[in-house]
Amino acid sequence: MSGEPIKPRGGDAVSTQAGGALPHAKTSTSEDIAAFVTKARALSPHAPGAKGRLIFALDATMSRQPTWDMACALQADMFREAAAIGTLDIRLVYYRGFNECRATGWISDSAQLATLMSKIDCRGGDTQIGKLLSETRREAVASGVRAVVFVGDAMEEKVDELCAKAGELGMLKVPVFMFQEGHDNVAEQAFREIARLTGGAWCRFDPGAAAQLRDLLRAAAAYAAGGREALLKLSKTTDGAAKLIGQMK
């Protein structure tokens with residue numbers, strides 16, 4: 001794949017009703033859930049020797065431009081950390097503007113990811129975290145995902161609907177690492193619950209704190225490439241890894 005951003009597949013991710021309203025989410029039956037859990041386990045990225053796959057999900061609304069630029073500069077650290085452990089593919093998923101949510105193909109080269117990110121500008125709009133979670137579930141079933149990193153500062157959706165999606169990721173054993181910039185209380189409550197339901201972790205970093213975000217991204221990459229054992233080893237020398245391992249189930 002070229003890696004150029006595309007719209008994530010699936011009606012929940014991109015389709016709208018007349019007037020721009022989002023359609024009601026389809027309720028999963030017990031048979032549906034059992035089917036995708038079975039398929040996902042058959043494609044498990046947690047098997048020894050499996051290539052690590054990490055979804056790098058970012059809020060690209062207007063307020064996020066400074067942090068987007070910082071993430072562009074730091075993303076290579078994820079590849080470097082993973083390289084010391086194994087291999088890592090990253091899929092960038094982001095939302096911005098009015099009902100726009102896009103994803104790249106799987107990328108294994110930091111320079112390619114940096115080039116793609118440098119072409120994306122932030123645009124005003126509401127959060128679309130539900131779409132990110134839906135795209136993660138689809139990709140987890142289709143080809144396997146070991147972990148998700150989300151970086152954002154706000155949540156403007158129905159938290160119960162987000163928690164339902166997060167619970168399905170928890171069943172698939174895909175932890176979501178929610179990295180929150182700033183101190184928005186509504187976002188914190190939602191981010192903490194998403195992390196808990198998926199078996200991931202929530203961590204806050206200060207606005208513009210590149211060192212804090214770097215440590216968190218390195219820790220997430222270590223987990224994606226080498227699992228819990230790699231994260232535990234890194235936690236002995238890195239605060240970010242220690243924060244993650246302390247919360248994970």
# chains A, B, ... in the order shown; residues from 1 in each chain; ligands from 1

call {"tool": "residues_around", "arguments": {"residues": "Ala84 (chain A)", "least_positions_apart": "5", "cutoff": "12 Å", "atoms": "only C-alpha atoms", "output": "PDB file with all heavy atoms, in the first residue's frame"}}
result
ATOM      1  N   ASP A  77      10.863   7.816  17.342  1.00  0.00           N
ATOM      2  CA  ASP A  77      11.304   7.155  18.566  1.00  0.00           C
ATOM      3  C   ASP A  77      10.565   5.841  18.796  1.00  0.00           C
ATOM      4  O   ASP A  77      11.108   4.914  19.399  1.00  0.00           O
ATOM      5  CB  ASP A  77      11.104   8.074  19.771  1.00  0.00           C
ATOM      6  CG  ASP A  77      12.064   9.255  19.758  1.00  0.00           C
ATOM      7  OD1 ASP A  77      13.240   9.045  19.416  1.00  0.00           O
ATOM      8  OD2 ASP A  77      11.638  10.380  20.078  1.00  0.00           O
ATOM      9  N   MET A  78       9.319   5.760  18.316  1.00  0.00           N
ATOM     10  CA  MET A  78       8.576   4.507  18.459  1.00  0.00           C
ATOM     11  C   MET A  78       9.227   3.401  17.634  1.00  0.00           C
ATOM     12  O   MET A  78       9.377   2.273  18.101  1.00  0.00           O
ATOM     13  CB  MET A  78       7.125   4.711  18.025  1.00  0.00           C
ATOM     14  CG  MET A  78       6.294   5.558  18.971  1.00  0.00           C
ATOM     15  SD  MET A  78       4.515   5.478  18.612  1.00  0.00           S
ATOM     16  CE  MET A  78       4.438   6.456  17.114  1.00  0.00           C
ATOM     17  N   PHE A  79       9.618   3.730  16.422  1.00  0.00           N
ATOM     18  CA  PHE A  79      10.280   2.740  15.575  1.00  0.00           C
ATOM     19  C   PHE A  79      11.628   2.330  16.161  1.00  0.00           C
ATOM     20  O   PHE A  79      12.003   1.154  16.135  1.00  0.00           O
ATOM     21  CB  PHE A  79      10.476   3.300  14.172  1.00  0.00           C
ATOM     22  CG  PHE A  79       9.217   3.360  13.344  1.00  0.00           C
ATOM     23  CD1 PHE A  79       8.524   4.541  13.197  1.00  0.00           C
ATOM     24  CD2 PHE A  79       8.730   2.220  12.712  1.00  0.00           C
ATOM     25  CE1 PHE A  79       7.372   4.607  12.425  1.00  0.00           C
ATOM     26  CE2 PHE A  79       7.571   2.266  11.945  1.00  0.00           C
ATOM     27  CZ  PHE A  79       6.890   3.466  11.807  1.00  0.00           C
ATOM     28  N   ARG A 218       7.348   5.683  23.397  1.00  0.00           N
ATOM     29  CA  ARG A 218       8.350   4.613  23.423  1.00  0.00           C
ATOM     30  C   ARG A 218       7.825   3.393  24.165  1.00  0.00           C
ATOM     31  O   ARG A 218       8.035   2.244  23.750  1.00  0.00           O
ATOM     32  CB  ARG A 218       9.637   5.102  24.084  1.00  0.00           C
ATOM     33  CG  ARG A 218      10.478   6.054  23.257  1.00  0.00           C
ATOM     34  CD  ARG A 218      11.725   6.449  24.032  1.00  0.00           C
ATOM     35  NE  ARG A 218      12.516   5.274  24.401  1.00  0.00           N
ATOM     36  CZ  ARG A 218      13.306   5.206  25.486  1.00  0.00           C
ATOM     37  NH1 ARG A 218      13.402   6.230  26.301  1.00  0.00           N
ATOM     38  NH2 ARG A 218      13.995   4.113  25.723  1.00  0.00           N
ATOM     39  N   ALA A 221       5.256   1.550  22.066  1.00  0.00           N
ATOM     40  CA  ALA A 221       5.926   0.830  20.985  1.00  0.00           C
ATOM     41  C   ALA A 221       6.607  -0.429  21.498  1.00  0.00           C
ATOM     42  O   ALA A 221       6.599  -1.470  20.829  1.00  0.00           O
ATOM     43  CB  ALA A 221       6.950   1.741  20.304  1.00  0.00           C
ATOM     44  N   ALA A 222       7.190  -0.345  22.682  1.00  0.00           N
ATOM     45  CA  ALA A 222       7.831  -1.525  23.275  1.00  0.00           C
ATOM     46  C   ALA A 222       6.801  -2.628  23.490  1.00  0.00           C
ATOM     47  O   ALA A 222       7.057  -3.805  23.206  1.00  0.00           O
ATOM     48  CB  ALA A 222       8.505  -1.151  24.596  1.00  0.00           C
ATOM     49  N   TYR A 223       5.625  -2.251  23.973  1.00  0.00           N
ATOM     50  CA  TYR A 223       4.578  -3.255  24.181  1.00  0.00           C
ATOM     51  C   TYR A 223       4.128  -3.852  22.855  1.00  0.00           C
ATOM     52  O   TYR A 223       3.949  -5.068  22.726  1.00  0.00           O
ATOM     53  CB  TYR A 223       3.388  -2.636  24.910  1.00  0.00           C
ATOM     54  CG  TYR A 223       2.266  -3.633  25.109  1.00  0.00           C
ATOM     55  CD1 TYR A 223       2.279  -4.499  26.195  1.00  0.00           C
ATOM     56  CD2 TYR A 223       1.236  -3.743  24.185  1.00  0.00           C
ATOM     57  CE1 TYR A 223       1.276  -5.447  26.368  1.00  0.00           C
ATOM     58  CE2 TYR A 223       0.241  -4.697  24.334  1.00  0.00           C
ATOM     59  CZ  TYR A 223       0.258  -5.538  25.423  1.00  0.00           C
ATOM     60  OH  TYR A 223      -0.716  -6.488  25.580  1.00  0.00           O
ATOM     61  N   ALA A 225       5.735  -4.175  20.102  1.00  0.00           N
ATOM     62  CA  ALA A 225       6.768  -5.006  19.479  1.00  0.00           C
ATOM     63  C   ALA A 225       7.098  -6.254  20.282  1.00  0.00           C
ATOM     64  O   ALA A 225       7.383  -7.312  19.713  1.00  0.00           O
ATOM     65  CB  ALA A 225       8.030  -4.182  19.269  1.00  0.00           C
ATOM     66  N   GLY A 226       7.061  -6.129  21.613  1.00  0.00           N
ATOM     67  CA  GLY A 226       7.520  -7.239  22.438  1.00  0.00           C
ATOM     68  C   GLY A 226       6.595  -7.692  23.543  1.00  0.00           C
ATOM     69  O   GLY A 226       6.953  -8.561  24.341  1.00  0.00           O
ATOM     70  N   ALA A 230       8.449  -6.973  27.341  1.00  0.00           N
ATOM     71  CA  ALA A 230       9.279  -5.857  26.873  1.00  0.00           C
ATOM     72  C   ALA A 230       8.943  -4.575  27.622  1.00  0.00           C
ATOM     73  O   ALA A 230       9.822  -3.779  27.962  1.00  0.00           O
ATOM     74  CB  ALA A 230       9.088  -5.656  25.376  1.00  0.00           C
ATOM     75  N   LEU A 234      11.396  -2.304  30.094  1.00  0.00           N
ATOM     76  CA  LEU A 234      11.603  -0.873  29.895  1.00  0.00           C
ATOM     77  C   LEU A 234      11.182  -0.068  31.111  1.00  0.00           C
ATOM     78  O   LEU A 234      11.744   1.005  31.387  1.00  0.00           O
ATOM     79  CB  LEU A 234      10.809  -0.406  28.666  1.00  0.00           C
ATOM     80  CG  LEU A 234      11.011   1.044  28.218  1.00  0.00           C
ATOM     81  CD1 LEU A 234      12.462   1.294  27.799  1.00  0.00           C
ATOM     82  CD2 LEU A 234      10.056   1.382  27.075  1.00  0.00           C
TER      83      LEU A 234
END

call {"tool": "atom_distance", "arguments": {"atom1": "CA of Glu161 (chain A)", "atom2": "CA of Gly199 (chain A)"}}
result
17.6 Å

call {"tool": "closest_residue", "arguments": {"among": "A:Val93, A:Leu88, A:Ala140, A:Leu162", "to": "Ile194 (chain A)", "atoms": "only C-alpha atoms"}}
result
A:Leu162

call {"tool": "residues_around", "arguments": {"residues": "Val186 (chain A)", "least_positions_apart": "2", "cutoff": "8 Å", "atoms": "only C-alpha atoms", "output": "JSON list (two decimals) with C-alpha atoms, in the first residue's frame"}}
result
[["chain", "number", "residue", "atom", "x", "y", "z"],
["A", 154, "ALA", "CA", -11.10, 16.42, 24.56],
["A", 155, "MET", "CA", -14.15, 14.13, 24.35],
["A", 184, "ASP", "CA", -10.15, 18.43, 30.83],
["A", 188, "GLU", "CA", -10.17, 12.28, 31.65],
["A", 189, "GLN", "CA", -13.18, 10.31, 32.89],
["A", 190, "ALA", "CA", -13.87, 8.92, 29.42]]

call {"tool": "residues_around", "arguments": {"residues": "Gly246 (chain A)", "least_positions_apart": "4", "cutoff": "9 Å", "atoms": "only C-alpha atoms", "output": "compact mmCIF listing (two decimals) with N, CA and C atoms, in the first residue's frame"}}
result
# COMPACT_ATOMS: atom_id res chain seq x y z
N ALA A 201 -4.08 1.66 29.43
CA ALA A 201 -3.68 2.59 30.48
C ALA A 201 -3.98 4.02 30.05
N ALA A 241 7.01 3.93 30.80
CA ALA A 241 6.71 2.50 30.80
C ALA A 241 6.20 2.05 32.17
N ALA A 242 6.76 2.60 33.23
CA ALA A 242 6.33 2.25 34.58
C ALA A 242 4.88 2.67 34.80

call {"tool": "residues_around", "arguments": {"residues": "Arg123 (chain A)", "least_positions_apart": "2", "cutoff": "7 Å", "atoms": "only C-alpha atoms", "output": "list in words"}}
result
Ala60, Thr61, Met62, Arg96, Gly97, Asp121 and Gly125 of chain A

call {"tool": "residues_around", "arguments": {"residues": "Val149 (chain A)", "least_positions_apart": "2", "cutoff": "9 Å", "atoms": "only C-alpha atoms", "output": "list in words"}}
result
Leu54, Ile55, Phe56, Ala57, Leu58, Ala147, Val151, Pro175, Val176, Phe177, Met178, Phe179, Leu217, Ala220 and Ala221 of chain A

call {"tool": "write_last_selection", "arguments": {"atoms": "C-alpha atoms", "output": "PDB file, in the first residue's frame"}}
result
ATOM      1  CA  LEU A  54       0.326  -0.472  16.516  1.00  0.00           C
ATOM      2  CA  ILE A  55      -2.496   1.913  15.613  1.00  0.00           C
ATOM      3  CA  PHE A  56      -1.363   5.502  16.197  1.00  0.00           C
ATOM      4  CA  ALA A  57      -4.604   7.484  16.616  1.00  0.00           C
ATOM      5  CA  LEU A  58      -4.550  11.264  16.806  1.00  0.00           C
ATOM      6  CA  ALA A 147      -2.058  -2.067  20.771  1.00  0.00           C
ATOM      7  CA  VAL A 151      -3.346  11.274  21.789  1.00  0.00           C
ATOM      8  CA  PRO A 175      -5.221  -2.493  24.910  1.00  0.00           C
ATOM      9  CA  VAL A 176      -5.749   1.201  24.237  1.00  0.00           C
ATOM     10  CA  PHE A 177      -3.217   3.626  25.685  1.00  0.00           C
ATOM     11  CA  MET A 178      -5.036   6.933  26.176  1.00  0.00           C
ATOM     12  CA  PHE A 179      -2.532   9.793  26.374  1.00  0.00           C
ATOM     13  CA  LEU A 217       5.172   6.632  22.913  1.00  0.00           C
ATOM     14  CA  ALA A 220       3.617   1.822  23.836  1.00  0.00           C
ATOM     15  CA  ALA A 221       5.926   0.830  20.985  1.00  0.00           C
TER      16      ALA A 221
END

call {"tool": "select_by_dssp", "arguments": {"residues": "region 44-242 of chain A", "states": "strand (DSSP E or B)", "output": "PyMOL selection string"}}
result
chain A and resi 52-59+88-96+100-103+107+147-152+176-181+201-205

call {"tool": "write_last_selection", "arguments": {"atoms": "N, CA and C atoms", "output": "short mmCIF file (atom, residue, chain, number, x, y, z; two decimals), in the first residue's frame"}}
result
data_model
loop_
_atom_site.label_atom_id
_atom_site.label_comp_id
_atom_site.auth_asym_id
_atom_site.auth_seq_id
_atom_site.Cartn_x
_atom_site.Cartn_y
_atom_site.Cartn_z
N GLY A 52 4.82 -6.84 15.38
CA GLY A 52 4.00 -5.94 16.17
C GLY A 52 3.25 -4.96 15.29
N ARG A 53 1.98 -4.75 15.62
CA ARG A 53 1.18 -3.78 14.89
C ARG A 53 0.55 -2.80 15.87
N LEU A 54 0.79 -1.53 15.62
CA LEU A 54 0.33 -0.47 16.52
C LEU A 54 -0.50 0.54 15.73
N ILE A 55 -1.71 0.83 16.19
CA ILE A 55 -2.50 1.91 15.61
C ILE A 55 -2.18 3.19 16.38
N PHE A 56 -1.74 4.20 15.65
CA PHE A 56 -1.36 5.50 16.20
C PHE A 56 -2.51 6.46 15.87
N ALA A 57 -3.38 6.71 16.84
CA ALA A 57 -4.60 7.48 16.62
C ALA A 57 -4.46 8.88 17.20
N LEU A 58 -4.77 9.88 16.38
CA LEU A 58 -4.55 11.26 16.81
C LEU A 58 -5.77 12.14 16.55
N ASP A 59 -6.05 13.00 17.50
CA ASP A 59 -7.02 14.07 17.34
C ASP A 59 -6.34 15.15 16.52
N LEU A 88 7.99 -3.53 13.92
CA LEU A 88 6.78 -2.80 14.21
C LEU A 88 6.20 -2.17 12.95
N ASP A 89 4.91 -2.36 12.74
CA ASP A 89 4.17 -1.65 11.71
C ASP A 89 3.22 -0.69 12.41
N ILE A 90 3.09 0.51 11.86
CA ILE A 90 2.19 1.52 12.44
C ILE A 90 1.16 1.93 11.41
N ARG A 91 -0.07 2.05 11.85
CA ARG A 91 -1.16 2.55 11.00
C ARG A 91 -1.66 3.85 11.63
N LEU A 92 -1.53 4.94 10.94
CA LEU A 92 -1.97 6.24 11.43
C LEU A 92 -3.46 6.41 11.14
N VAL A 93 -4.23 6.73 12.18
CA VAL A 93 -5.65 7.02 12.04
C VAL A 93 -5.90 8.37 12.72
N TYR A 94 -6.61 9.25 12.03
CA TYR A 94 -6.85 10.57 12.62
C TYR A 94 -8.20 11.12 12.18
N TYR A 95 -8.73 12.04 12.98
CA TYR A 95 -9.96 12.72 12.60
C TYR A 95 -9.76 14.23 12.70
N ARG A 96 -10.55 14.95 11.92
CA ARG A 96 -10.49 16.41 11.90
C ARG A 96 -11.71 16.93 11.14
N GLU A 100 -14.69 13.94 9.17
CA GLU A 100 -13.58 13.38 8.40
C GLU A 100 -12.71 12.50 9.31
N CYS A 101 -12.61 11.24 8.96
CA CYS A 101 -11.76 10.30 9.70
C CYS A 101 -11.02 9.47 8.67
N ARG A 102 -9.70 9.48 8.72
CA ARG A 102 -8.90 8.81 7.69
C ARG A 102 -7.82 7.93 8.32
N ALA A 103 -7.33 7.01 7.50
CA ALA A 103 -6.30 6.09 7.96
C ALA A 103 -5.30 5.85 6.84
N ILE A 107 2.59 0.97 7.95
CA ILE A 107 3.87 1.60 7.60
C ILE A 107 4.95 1.06 8.52
N ALA A 147 -1.78 -3.16 19.83
CA ALA A 147 -2.06 -2.07 20.77
C ALA A 147 -2.48 -0.82 20.00
N VAL A 148 -3.10 0.10 20.72
CA VAL A 148 -3.52 1.38 20.16
C VAL A 148 -2.99 2.50 21.04
N VAL A 149 -2.47 3.55 20.42
CA VAL A 149 -2.11 4.78 21.12
C VAL A 149 -3.07 5.86 20.65
N PHE A 150 -3.70 6.54 21.59
CA PHE A 150 -4.52 7.69 21.25
C PHE A 150 -3.96 8.92 21.95
N VAL A 151 -3.81 10.02 21.21
CA VAL A 151 -3.35 11.27 21.79
C VAL A 151 -4.40 12.33 21.52
N GLY A 152 -4.94 12.92 22.58
CA GLY A 152 -5.97 13.93 22.43
C GLY A 152 -6.19 14.70 23.71
N VAL A 176 -5.81 -0.16 24.76
CA VAL A 176 -5.75 1.20 24.24
C VAL A 176 -5.04 2.08 25.26
N PHE A 177 -3.96 2.71 24.84
CA PHE A 177 -3.22 3.63 25.68
C PHE A 177 -3.72 5.04 25.39
N MET A 178 -4.43 5.61 26.34
CA MET A 178 -5.04 6.93 26.18
C MET A 178 -4.10 7.98 26.77
N PHE A 179 -3.47 8.76 25.93
CA PHE A 179 -2.53 9.79 26.37
C PHE A 179 -3.22 11.15 26.26
N GLN A 180 -3.51 11.74 27.41
CA GLN A 180 -4.28 12.98 27.46
C GLN A 180 -3.39 14.18 27.67
N GLU A 181 -3.55 15.16 26.80
CA GLU A 181 -2.86 16.42 26.99
C GLU A 181 -3.80 17.38 27.72
N ALA A 201 -4.08 1.66 29.43
CA ALA A 201 -3.68 2.59 30.48
C ALA A 201 -3.98 4.02 30.05
N TRP A 202 -4.22 4.87 31.04
CA TRP A 202 -4.41 6.31 30.82
C TRP A 202 -3.25 7.06 31.43
N CYS A 203 -2.72 8.02 30.71
CA CYS A 203 -1.65 8.85 31.25
C CYS A 203 -1.85 10.28 30.75
N ARG A 204 -1.52 11.23 31.61
CA ARG A 204 -1.59 12.63 31.24
C ARG A 204 -0.19 13.15 30.94
N PHE A 205 -0.10 14.05 29.95
CA PHE A 205 1.16 14.76 29.75
C PHE A 205 0.84 16.24 29.64
#

call {"tool": "closest_residue", "arguments": {"among": "A:Arg196, A:Arg214, A:Arg80, A:His183", "to": "Asp109 (chain A)", "atoms": "only C-alpha atoms"}}
result
A:Arg80

call {"tool": "atom_distance", "arguments": {"atom1": "CA of Ala114 (chain A)", "atom2": "CA of Ala211 (chain A)"}}
result
18.3 Å

call {"tool": "closest_residue", "arguments": {"among": "A:Thr127, A:Ser118, A:Ser63, A:Thr104", "to": "Glu139 (chain A)", "atoms": "only C-alpha atoms"}}
result
A:Thr104

call {"tool": "atom_distance", "arguments": {"atom1": "CA of Lys173 (chain A)", "atom2": "CA of Leu213 (chain A)"}}
result
24.0 Å

call {"tool": "select_by_dssp", "arguments": {"residues": "region 102-178 of chain A", "states": "alpha helix (DSSP H)", "output": "PyMOL selection string"}}
result
chain A and resi 110-118+129-142+159-171

call {"tool": "residues_around", "arguments": {"residues": "Gly240 (chain A)", "least_positions_apart": "5", "cutoff": "7 Å", "atoms": "only C-alpha atoms", "output": "list of chain:residue names"}}
result
A:Asp215, A:Leu216, A:Ala219
